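> Quick one, run.pdb (PDB, C-alpha atoms):
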ATOM      1  CA  MET V   1      50.535  53.833  -7.300
ATOM      2  CA  LYS V   2      51.924  52.191 -10.403
ATOM      3  CA  CYS V   3      51.993  53.364 -14.011
ATOM      4  CA  ALA V   4      51.525  51.568 -17.315
ATOM      5  CA  ILE V   5      52.396  53.215 -20.637
ATOM      6  CA  VAL V   6      50.356  52.477 -23.760
ATOM      7  CA  PRO V   7      51.763  54.087 -26.944
ATOM      8  CA  VAL V   8      48.828  55.173 -29.123
ATOM      9  CA  THR V   9      48.201  56.677 -32.582
ATOM     10  CA  ALA V  10      50.653  57.105 -35.426
ATOM     11  CA  TYR V  11      52.390  59.686 -33.212
ATOM     12  CA  GLN V  12      53.267  56.975 -30.648
ATOM     13  CA  GLN V  13      51.930  59.146 -27.874
ATOM     14  CA  ASN V  14      52.479  57.771 -24.364
ATOM     15  CA  CYS V  15      48.996  57.266 -22.945
ATOM     16  CA  SER V  16      49.506  56.510 -19.239
ATOM     17  CA  ILE V  17      47.294  54.348 -17.062
ATOM     18  CA  LEU V  18      47.745  55.212 -13.390
ATOM     19  CA  VAL V  19      46.675  52.509 -10.966
ATOM     20  CA  CYS V  20      45.796  52.825  -7.292
ATOM     21  CA  GLU V  21      47.033  49.492  -6.018
ATOM     22  CA  GLN V  22      44.897  49.674  -2.854
ATOM     23  CA  THR V  23      41.574  50.115  -4.653
ATOM     24  CA  LYS V  24      42.298  48.892  -8.215
ATOM     25  CA  LYS V  25      40.858  52.178  -9.474
ATOM     26  CA  ALA V  26      42.612  53.790 -12.436
ATOM     27  CA  ALA V  27      43.016  57.081 -14.268
ATOM     28  CA  VAL V  28      43.918  57.257 -17.936
ATOM     29  CA  VAL V  29      46.117  60.195 -18.926
ATOM     30  CA  ASP V  30      46.076  61.601 -22.468
ATOM     31  CA  PRO V  31      44.005  59.085 -24.450
ATOM     32  CA  GLY V  32      44.748  60.236 -27.980
ATOM     33  CA  GLY V  33      43.462  57.189 -29.853
ATOM     34  CA  ASP V  34      43.490  53.396 -30.155
ATOM     35  CA  LEU V  35      40.703  52.718 -27.671
ATOM     36  CA  ASP V  36      41.147  48.973 -28.146
ATOM     37  CA  LYS V  37      44.743  49.137 -26.886
ATOM     38  CA  ILE V  38      43.744  51.196 -23.870
ATOM     39  CA  GLU V  39      40.863  48.870 -22.997
ATOM     40  CA  GLN V  40      43.096  45.823 -23.367
ATOM     41  CA  ALA V  41      45.584  47.353 -20.946
ATOM     42  CA  LEU V  42      42.822  48.146 -18.441
ATOM     43  CA  GLN V  43      41.651  44.528 -18.611
ATOM     44  CA  GLN V  44      45.154  43.144 -18.216
ATOM     45  CA  LEU V  45      45.730  45.362 -15.195
ATOM     46  CA  GLY V  46      42.401  44.273 -13.690
ATOM     47  CA  VAL V  47      41.349  47.821 -12.833
ATOM     48  CA  LYS V  48      38.225  49.971 -12.974
ATOM     49  CA  LEU V  49      38.526  53.284 -14.802
ATOM     50  CA  GLU V  50      37.549  56.203 -12.605
ATOM     51  CA  LYS V  51      38.850  59.330 -14.343
ATOM     52  CA  ILE V  52      40.389  60.804 -17.508
ATOM     53  CA  LEU V  53      43.212  63.319 -17.083
ATOM     54  CA  LEU V  54      44.524  65.578 -19.856
ATOM     55  CA  THR V  55      47.859  67.396 -19.929
ATOM     56  CA  HIS V  56      46.954  69.545 -22.941
ATOM     57  CA  GLY V  57      44.626  69.912 -25.882
ATOM     58  CA  HIS V  58      46.596  68.506 -28.800
ATOM     59  CA  MET V  59      44.728  65.818 -30.726
ATOM     60  CA  ASP V  60      47.205  62.998 -30.102
ATOM     61  CA  HIS V  61      46.690  63.524 -26.371
ATOM     62  CA  CYS V  62      42.927  63.963 -26.137
ATOM     63  CA  ALA V  63      41.105  62.876 -29.307
ATOM     64  CA  ILE V  64      39.171  59.986 -27.744
ATOM     65  CA  ALA V  65      38.737  61.455 -24.259
ATOM     66  CA  ASP V  66      35.079  62.210 -24.893
ATOM     67  CA  ASP V  67      34.476  58.732 -26.348
ATOM     68  CA  ILE V  68      35.893  57.163 -23.180
ATOM     69  CA  ARG V  69      33.911  59.541 -20.971
ATOM     70  CA  THR V  70      30.694  58.512 -22.703
ATOM     71  CA  LYS V  71      31.429  54.783 -22.709
ATOM     72  CA  TYR V  72      32.626  54.527 -19.097
ATOM     73  CA  ASN V  73      30.668  57.424 -17.569
ATOM     74  CA  VAL V  74      33.776  58.968 -16.013
ATOM     75  CA  PRO V  75      34.791  62.657 -15.836
ATOM     76  CA  ILE V  76      37.487  64.464 -17.802
ATOM     77  CA  GLU V  77      39.779  66.692 -15.726
ATOM     78  CA  GLY V  78      42.267  69.045 -17.368
ATOM     79  CA  PRO V  79      43.932  70.708 -19.009
ATOM     80  CA  HIS V  80      44.024  74.397 -18.029
ATOM     81  CA  GLU V  81      41.271  76.401 -19.710
ATOM     82  CA  ALA V  82      43.840  78.280 -21.819
ATOM     83  CA  ASP V  83      43.868  75.171 -24.043
ATOM     84  CA  ARG V  84      40.134  75.350 -24.704
ATOM     85  CA  PHE V  85      40.802  76.758 -28.189
ATOM     86  CA  TRP V  86      42.760  73.615 -29.120
ATOM     87  CA  ILE V  87      39.931  71.331 -28.023
ATOM     88  CA  ASP V  88      37.291  73.517 -29.692
ATOM     89  CA  LYS V  89      39.141  73.102 -33.005
ATOM     90  CA  LEU V  90      39.791  69.358 -32.737
ATOM     91  CA  PRO V  91      37.801  68.500 -35.887
ATOM     92  CA  GLU V  92      39.806  71.014 -37.938
ATOM     93  CA  TRP V  93      43.194  69.924 -36.595
ATOM     94  CA  CYS V  94      42.375  66.275 -37.210
ATOM     95  CA  GLU V  95      41.278  66.950 -40.779
ATOM     96  CA  MET V  96      44.345  69.050 -41.567
ATOM     97  CA  SER V  97      46.684  66.383 -40.163
ATOM     98  CA  GLY V  98      45.000  63.292 -41.598
ATOM     99  CA  PHE V  99      44.250  62.211 -38.013
ATOM    100  CA  PRO V 100      41.120  60.169 -37.213
ATOM    101  CA  HIS V 101      38.158  62.498 -36.751
ATOM    102  CA  ALA V 102      37.394  63.774 -33.260
ATOM    103  CA  GLU V 103      34.641  66.082 -32.058
ATOM    104  CA  ALA V 104      35.189  69.056 -29.798
ATOM    105  CA  PHE V 105      34.211  68.553 -26.155
ATOM    106  CA  GLU V 106      34.040  70.341 -22.817
ATOM    107  CA  SER V 107      36.199  69.244 -19.913
ATOM    108  CA  ASP V 108      34.330  68.472 -16.693
ATOM    109  CA  ARG V 109      36.971  70.373 -14.755
ATOM    110  CA  TRP V 110      39.569  72.827 -16.014
ATOM    111  CA  LEU V 111      42.669  72.722 -13.843
ATOM    112  CA  HIS V 112      44.869  75.431 -12.341
ATOM    113  CA  ASP V 113      48.320  75.566 -10.816
ATOM    114  CA  GLY V 114      48.185  74.220  -7.263
ATOM    115  CA  ASP V 115      45.075  72.099  -7.800
ATOM    116  CA  THR V 116      44.998  68.398  -6.952
ATOM    117  CA  VAL V 117      43.251  65.533  -8.690
ATOM    118  CA  GLN V 118      42.270  62.260  -7.048
ATOM    119  CA  PHE V 119      41.487  58.722  -8.109
ATOM    120  CA  GLY V 120      41.218  55.754  -5.802
ATOM    121  CA  GLU V 121      43.300  56.699  -2.762
ATOM    122  CA  GLN V 122      45.874  58.594  -4.844
ATOM    123  CA  THR V 123      46.411  62.349  -5.075
ATOM    124  CA  LEU V 124      48.279  64.118  -7.869
ATOM    125  CA  ASP V 125      49.490  67.710  -7.693
ATOM    126  CA  VAL V 126      48.792  69.910 -10.715
ATOM    127  CA  LYS V 127      51.490  72.201 -12.121
ATOM    128  CA  HIS V 128      50.497  74.661 -14.842
ATOM    129  CA  CYS V 129      53.426  74.557 -17.282
ATOM    130  CA  PRO V 130      52.706  76.747 -20.315
ATOM    131  CA  GLY V 131      54.965  76.980 -23.334
ATOM    132  CA  HIS V 132      54.218  74.018 -25.580
ATOM    133  CA  THR V 133      50.600  75.102 -25.270
ATOM    134  CA  PRO V 134      49.265  77.888 -23.042
ATOM    135  CA  GLY V 135      47.118  75.548 -20.961
ATOM    136  CA  HIS V 136      49.512  72.618 -20.505
ATOM    137  CA  VAL V 137      49.537  70.986 -17.064
ATOM    138  CA  VAL V 138      51.782  68.387 -15.436
ATOM    139  CA  PHE V 139      50.612  65.780 -12.916
ATOM    140  CA  PHE V 140      52.953  64.943 -10.017
ATOM    141  CA  HIS V 141      52.676  62.142  -7.454
ATOM    142  CA  ALA V 142      54.872  63.098  -4.509
ATOM    143  CA  GLY V 143      54.672  59.673  -2.866
ATOM    144  CA  VAL V 144      56.234  57.705  -5.706
ATOM    145  CA  LYS V 145      58.089  60.694  -7.197
ATOM    146  CA  VAL V 146      56.633  60.353 -10.673
ATOM    147  CA  ALA V 147      55.532  63.176 -12.971
ATOM    148  CA  ILE V 148      53.435  62.868 -16.126
ATOM    149  CA  VAL V 149      54.731  65.798 -18.132
ATOM    150  CA  GLY V 150      53.009  65.541 -21.520
ATOM    151  CA  ASP V 151      54.969  67.444 -24.156
ATOM    152  CA  VAL V 152      56.778  69.840 -21.803
ATOM    153  CA  LEU V 153      59.961  67.775 -21.472
ATOM    154  CA  PHE V 154      61.474  64.731 -23.166
ATOM    155  CA  GLN V 155      64.576  62.660 -22.704
ATOM    156  CA  GLY V 156      67.175  64.915 -24.297
ATOM    157  CA  SER V 157      64.700  67.443 -25.685
ATOM    158  CA  ILE V 158      61.794  69.782 -24.910
ATOM    159  CA  GLY V 159      58.375  70.426 -26.406
ATOM    160  CA  ARG V 160      57.860  72.266 -29.670
ATOM    161  CA  THR V 161      56.823  75.887 -29.428
ATOM    162  CA  ASP V 162      56.051  76.605 -33.092
ATOM    163  CA  PHE V 163      52.350  75.780 -32.728
ATOM    164  CA  PRO V 164      49.738  78.528 -32.212
ATOM    165  CA  MET V 165      50.352  80.320 -28.882
ATOM    166  CA  GLY V 166      53.561  78.374 -28.227
ATOM    167  CA  ASP V 167      56.156  80.268 -26.192
ATOM    168  CA  HIS V 168      59.750  79.034 -25.969
ATOM    169  CA  GLU V 169      60.767  81.287 -23.080
ATOM    170  CA  ALA V 170      57.664  80.321 -21.108
ATOM    171  CA  LEU V 171      58.439  76.633 -21.689
ATOM    172  CA  ILE V 172      61.984  77.008 -20.348
ATOM    173  CA  ARG V 173      60.631  78.828 -17.285
ATOM    174  CA  SER V 174      58.032  76.111 -16.730
ATOM    175  CA  ILE V 175      60.694  73.414 -16.735
ATOM    176  CA  ARG V 176      63.199  75.230 -14.541
ATOM    177  CA  GLU V 177      60.749  76.834 -12.114
ATOM    178  CA  LYS V 178      57.961  74.230 -11.877
ATOM    179  CA  LEU V 179      59.659  70.870 -12.555
ATOM    180  CA  TRP V 180      63.233  71.075 -11.268
ATOM    181  CA  PRO V 181      62.180  72.046  -7.709
ATOM    182  CA  LEU V 182      60.278  68.736  -7.461
ATOM    183  CA  GLY V 183      63.615  66.930  -7.147
ATOM    184  CA  ASP V 184      66.369  65.343  -9.228
ATOM    185  CA  ASP V 185      65.137  61.883  -8.223
ATOM    186  CA  VAL V 186      61.724  62.370  -9.841
ATOM    187  CA  SER V 187      61.085  60.048 -12.776
ATOM    188  CA  PHE V 188      58.921  61.425 -15.558
ATOM    189  CA  ILE V 189      56.743  60.003 -18.290
ATOM    190  CA  PRO V 190      56.884  62.240 -21.372
ATOM    191  CA  GLY V 191      54.262  62.474 -24.078
ATOM    192  CA  HIS V 192      56.519  60.624 -26.504
ATOM    193  CA  GLY V 193      59.630  58.497 -26.188
ATOM    194  CA  PRO V 194      61.449  56.976 -23.210
ATOM    195  CA  THR V 195      61.186  57.962 -19.568
ATOM    196  CA  SER V 196      63.961  59.776 -17.715
ATOM    197  CA  THR V 197      64.578  61.686 -14.482
ATOM    198  CA  PHE V 198      64.742  65.402 -13.824
ATOM    199  CA  GLY V 199      68.278  64.971 -12.511
ATOM    200  CA  GLN V 200      69.405  63.310 -15.721
ATOM    201  CA  GLU V 201      67.918  66.086 -17.833
ATOM    202  CA  ARG V 202      69.475  68.787 -15.661
ATOM    203  CA  GLN V 203      72.837  67.236 -16.440
ATOM    204  CA  THR V 204      72.517  66.257 -20.100
ATOM    205  CA  ASN V 205      69.534  67.881 -21.835
ATOM    206  CA  PRO V 206      71.015  70.383 -24.325
ATOM    207  CA  PHE V 207      68.010  72.724 -23.994
ATOM    208  CA  VAL V 208      67.636  72.976 -20.210
ATOM    209  CA  ALA V 209      70.796  71.561 -18.604
ATOM    210  CA  ASP V 210      71.971  73.614 -15.637
ATOM    211  CA  MET V 211      75.274  74.465 -17.337
ATOM    212  CA  ARG V 212      73.348  76.496 -19.951
ATOM    213  CA  PHE V 213      72.159  78.916 -17.304
ATOM    214  CA  GLY V 214      75.261  79.449 -15.204
TER
END
How does this structure look as structure tokens?

Amino acid sequence: MKCAIVPVTAYQQNCSILVCEQTKKAAVVDPGGDLDKIEQALQQLGVKLEKILLTHGHMDHCAIADDIRTKYNVPIEGPHEADRFWIDKLPEWCEMSGFPHAEAFESDRWLHDGDTVQFGEQTLDVKHCPGHTPGHVVFFHAGVKVAIVGDVLFQGSIGRTDFPMGDHEALIRSIREKLWPLGDDVSFIPGHGPTSTFGQERQTNPFVADMRFG
């Protein structure tokens, strides 16, 4: 599997395109906007879109998921159902934020901790990692040691918890109990900004470095 990152929207959200190199099937993770950029990347990669995956329900991560589902006739999987209230209120959040309008939608499959999702010949493990939002999930590919973590963890930072139903303590637990055990050598794609590794963040991230916890 290989990954391509397409920054979208004014929030520069990292929309990821995951490619099964054996089958040339692809999954798009967190399509928040800029359909033209996403389609251009799909064409350049020479792949066929098979699935949409969502880490959580914030508008910059999911606003055009339903548009893509309709256009390409592919299913939406994720996030955890605890984020349904975010998706149900998409039109309101978009209007309040000056974000391009998006309609509410229903995921084809809500995900739970321990689930797997497939596209092509690839399998991703699902980790429920609440804190930034209650229904946030992370996708992990054990074979290539890559995690798509949405807004749980960033290079040198962590996700905000001042949104409705955010929980700082739950976020710290999610990172330390769900992500760190996957291995220091795991590279991760965050929802915004540059990639990093779990090992690097355990050493240097001021919010979750090991030295903070004794």
> As a check of understanding, name the residues that the PyMOL selection byres ((chain V and resi 77) around 9) selects in the supplied structure, as a PyMOL selection string.
chain V and resi 51-54+75-76+78-79+107-111+117
> Taking the file as I've supplied it (selection: the PyMOL selection byres ((chain V and resi 15) around 8)), which residues are included? Please answer as a compact mmCIF listing (two decimals) with C-alpha atoms, in the frame of the given file.

# COMPACT_ATOMS: atom_id res chain seq x y z
CA ILE V 5 52.40 53.22 -20.64
CA VAL V 6 50.36 52.48 -23.76
CA PRO V 7 51.76 54.09 -26.94
CA VAL V 8 48.83 55.17 -29.12
CA GLN V 13 51.93 59.15 -27.87
CA ASN V 14 52.48 57.77 -24.36
CA SER V 16 49.51 56.51 -19.24
CA ILE V 17 47.29 54.35 -17.06
CA VAL V 28 43.92 57.26 -17.94
CA VAL V 29 46.12 60.20 -18.93
CA ASP V 30 46.08 61.60 -22.47
CA PRO V 31 44.00 59.08 -24.45
CA GLY V 32 44.75 60.24 -27.98
CA HIS V 61 46.69 63.52 -26.37
CA GLY V 191 54.26 62.47 -24.08
> Which of these, V:Val74, V:Leu153, V:Met165, V:Cys94, has the shortest distance to V:Cys129 once you count only C-alpha atoms?
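Counting only C-alpha atoms, the residue closest to V:Cys129 is V:Leu153.
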> Residue by residue, what does the PyMOL selection byres ((chain V and resi 144) around 10) grab here? Present the result as a PyMOL selection string.
chain V and resi 1-2+140-143+145-147+186-187
> Looking at V:Gln22, V:Asn73, V:Ser97, V:Thr197, which one is nearest to V:Asp184, with distances taken over only C-alpha atoms?
V:Thr197
> Of the candidates V:Leu35, V:Tyr11, V:Thr70, V:Val47, which shows the shortest atom-to-atom distance to V:Gly120, using only C-alpha atoms?
V:Val47
> Please compute the atom CA of V:Asp88-atom CA of V:Gly57 distance, one decimal, in Å.
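Interatomic distance here is 9.0 Å.
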> Near V:Ala102, within 7 Å and counting only C-alpha atoms, which residues show up once chain neighbours fewer than 3 positions away are dropped, as a tab-separated table (two decimals) with C-alpha atoms, in the frame of the given file?

chain	number	residue	atom	x	y	z
V	63	ALA	CA	41.10	62.88	-29.31
V	64	ILE	CA	39.17	59.99	-27.74
V	90	LEU	CA	39.79	69.36	-32.74
V	91	PRO	CA	37.80	68.50	-35.89
V	94	CYS	CA	42.38	66.28	-37.21
> Tell me, as a VMD selection string, which residues lie within 12 Å of stretch 178-180 of chain V, counting only C-alpha atoms; anything in the same chain fewer than 4 positions away does not count.
chain V and resid 113 to 114 125 to 130 137 to 140 145 to 149 152 to 153 170 to 174 184 to 188 197 to 203 208 to 210
> Calculate how many Å separate atom CA of V:Gly183 from atom CA of V:Val19, rounding to one decimal.
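Between these atoms lies a distance of 22.6 Å.
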> With distances taken over only C-alpha atoms, which residue among V:Glu81, V:Asp36, V:Glu95, V:Glu106 lies nearest V:Gly135?
V:Glu81
> Pick out the closest residue to V:Phe207 from this set: V:Pro194, V:Gly159, V:Gly33, V:Pro164. Count only C-alpha atoms.
V:Gly159
> Quote the spacing between atom CA of V:Gly193 and atom CA of V:Ala41 in Å to one decimal place.
18.7 Å
> When you count all atoms listed in the file, which of these residues is closest to V:Ser196: V:Pro181, V:Phe154, V:Ala82, V:Arg212?
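Closest to V:Ser196 of all the choices is V:Phe154.
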